[in-house]
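Structure file model.tsv (TSV, C-alpha atoms) follows.
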chain	number	residue	atom	x	y	z
A	36	MET	CA	-28.26	8.17	21.54
A	37	PRO	CA	-31.61	7.72	19.80
A	38	GLY	CA	-31.50	8.44	16.08
A	39	ASP	CA	-27.69	8.50	15.95
A	40	SER	CA	-26.10	6.05	13.59
A	41	VAL	CA	-23.21	3.80	14.52
A	42	ILE	CA	-20.46	3.35	12.00
A	43	SER	CA	-18.89	-0.04	11.45
A	44	PHE	CA	-15.44	-0.09	9.93
A	45	ASN	CA	-15.32	-3.86	9.38
A	46	ALA	CA	-15.45	-3.47	5.59
A	47	VAL	CA	-12.74	-0.81	5.72
A	48	TYR	CA	-10.49	-3.01	7.86
A	49	SER	CA	-11.10	-5.94	5.53
A	50	SER	CA	-10.18	-3.80	2.52
A	51	LEU	CA	-7.02	-2.59	4.25
A	52	SER	CA	-6.06	-6.19	4.89
A	53	ALA	CA	-6.53	-6.98	1.20
A	54	LEU	CA	-4.41	-3.96	0.26
A	55	LYS	CA	-1.64	-5.20	2.55
A	56	ASN	CA	-1.73	-8.49	0.63
A	57	CYS	CA	-1.38	-6.50	-2.59
A	58	GLN	CA	1.62	-4.78	-1.08
A	59	SER	CA	3.30	-8.14	-0.54
A	60	TYR	CA	2.69	-8.95	-4.23
A	61	ILE	CA	4.30	-5.65	-5.19
A	62	ASN	CA	7.32	-6.48	-3.01
A	63	THR	CA	7.59	-9.92	-4.62
A	64	GLY	CA	7.44	-8.33	-8.07
A	65	MET	CA	10.18	-5.91	-7.09
A	66	ASP	CA	12.37	-8.77	-5.86
A	67	ILE	CA	11.86	-10.69	-9.11
A	68	ALA	CA	12.59	-7.61	-11.24
A	69	SER	CA	15.76	-6.95	-9.20
A	70	ASN	CA	16.97	-10.51	-9.65
A	71	VAL	CA	16.33	-10.39	-13.39
A	72	ALA	CA	18.16	-7.07	-13.65
A	73	PHE	CA	21.16	-8.48	-11.76
A	74	ASP	CA	21.19	-11.54	-14.02
A	75	LEU	CA	21.13	-9.31	-17.09
A	76	VAL	CA	24.08	-7.30	-15.79
A	77	GLU	CA	26.05	-10.41	-14.82
A	78	ASN	CA	25.51	-11.93	-18.27
A	79	ARG	CA	26.47	-8.68	-19.96
A	80	ASN	CA	23.18	-8.45	-21.80
A	81	ASP	CA	22.08	-5.50	-23.86
A	82	ILE	CA	21.97	-2.26	-21.87
A	83	GLU	CA	18.47	-1.62	-23.21
A	84	GLU	CA	17.22	-4.78	-21.47
A	85	VAL	CA	18.84	-3.66	-18.22
A	86	ASN	CA	17.24	-0.22	-18.55
A	87	THR	CA	13.86	-1.85	-19.16
A	88	MET	CA	14.18	-3.83	-15.93
A	89	GLU	CA	15.27	-0.68	-14.11
A	90	ASN	CA	12.08	1.01	-15.31
A	91	VAL	CA	10.04	-1.96	-14.09
A	92	MET	CA	11.66	-1.66	-10.66
A	93	LEU	CA	10.87	2.08	-10.60
A	94	GLU	CA	7.24	1.32	-11.44
A	95	TYR	CA	7.06	-1.17	-8.57
A	96	ALA	CA	8.59	1.41	-6.21
A	97	THR	CA	6.01	3.98	-7.34
A	98	MET	CA	3.14	1.53	-6.81
A	99	ASP	CA	4.46	0.67	-3.35
A	100	ARG	CA	4.76	4.33	-2.36
A	101	GLN	CA	1.29	5.21	-3.68
A	102	LEU	CA	-0.29	2.22	-1.94
A	103	ASN	CA	1.41	3.18	1.34
A	104	HIS	CA	0.11	6.74	1.06
A	105	TYR	CA	-3.40	5.49	0.29
A	106	MET	CA	-3.44	3.08	3.26
A	107	GLN	CA	-2.08	5.77	5.59
A	108	ALA	CA	-4.79	8.18	4.43
A	109	ILE	CA	-7.50	5.60	5.10
A	110	GLU	CA	-6.11	4.80	8.54
A	111	ALA	CA	-5.84	8.50	9.40
A	112	THR	CA	-9.44	9.10	8.30
A	113	VAL	CA	-10.74	6.17	10.36
A	114	ASN	CA	-8.80	7.47	13.37
A	115	GLN	CA	-10.25	10.95	12.95
A	116	VAL	CA	-13.80	9.60	12.72
A	117	THR	CA	-13.40	7.32	15.74
A	118	ASP	CA	-11.74	10.10	17.77
A	119	HIS	CA	-14.55	12.49	16.87
A	120	TYR	CA	-17.17	9.89	17.81
A	121	PHE	CA	-15.44	9.22	21.14
A	122	LEU	CA	-15.27	12.94	21.96
A	123	LYS	CA	-18.91	13.42	21.03
A	124	TYR	CA	-20.41	10.35	22.71
A	125	GLY	CA	-17.76	9.31	25.22
A	126	LYS	CA	-17.57	5.76	23.88
A	127	CYS	CA	-15.74	3.87	21.18
A	128	LEU	CA	-17.29	2.76	17.92
File written out as structure tokens:
Amino acid sequence: MPGDSVISFNAVYSSLSALKNCQSYINTGMDIASNVAFDLVENRNDIEEVNTMENVMLEYATMDRQLNHYMQAIEATVNQVTDHYFLKYGKCL
């Protein structure tokens, strides 16, 4: 349609891909924190050190959950925009 703009989501998709890489780093951090916590328990280290590692694991879990929510919100928004465009113009973006 003349004068109508076409939206490209390439930058959005690229950013989502980068966020998914960040998510793998968060998962790696969680694995490392878990292993350290298990080692501390096995070696009967100070309970304060174990609690500190538990807090680190909780922070990783929070980051993972927040990142998942953010990515889902972006994907839902892109889907809404593309669906609206398709209904309005009868073609995909």
For stretch 90-105 of chain A, please output as JSON, numbers by chain all residues within 6 Å (counting only C-alpha atoms; exclusion window: fewer than 3 positions along the same chain). {"A": [65, 87, 108]}
Atom CA of A:Ser59 to atom CA of A:Thr112, distance in Å rounded to a single decimal: 23.2 Å
Coordinates-based distance that separates atom CA of A:Gln107 from atom CA of A:Leu54 (Å, one decimal):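 Atom-to-atom, atom CA of A:Leu54 to atom CA of A:Gln107, that is 11.3 Å.
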Interatomic distance (Å, one decimal) between atom CA of A:Ala111 and atom CA of A:Phe44: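 Between atom CA of A:Ala111 and atom CA of A:Phe44 the gap is 12.9 Å.
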Using only C-alpha atoms, which of the listed residues (A:Ala46, A:Lys123, A:Met88, A:Leu51) sits closest to A:Gly64?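 Closest candidate: A:Met88.
Shortest atom-to-atom contact with A:Val76 among A:Val113, A:Gly125, A:Glu89, A:Lys55: A:Glu89, counting all atoms listed in the file.
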Looking at A:Glu110, A:Ile61, A:Val47, A:Asn86, which one is nearest to A:Phe73, with distances taken over only C-alpha atoms?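 Among the listed residues, the smallest separation from A:Phe73 belongs to A:Asn86.
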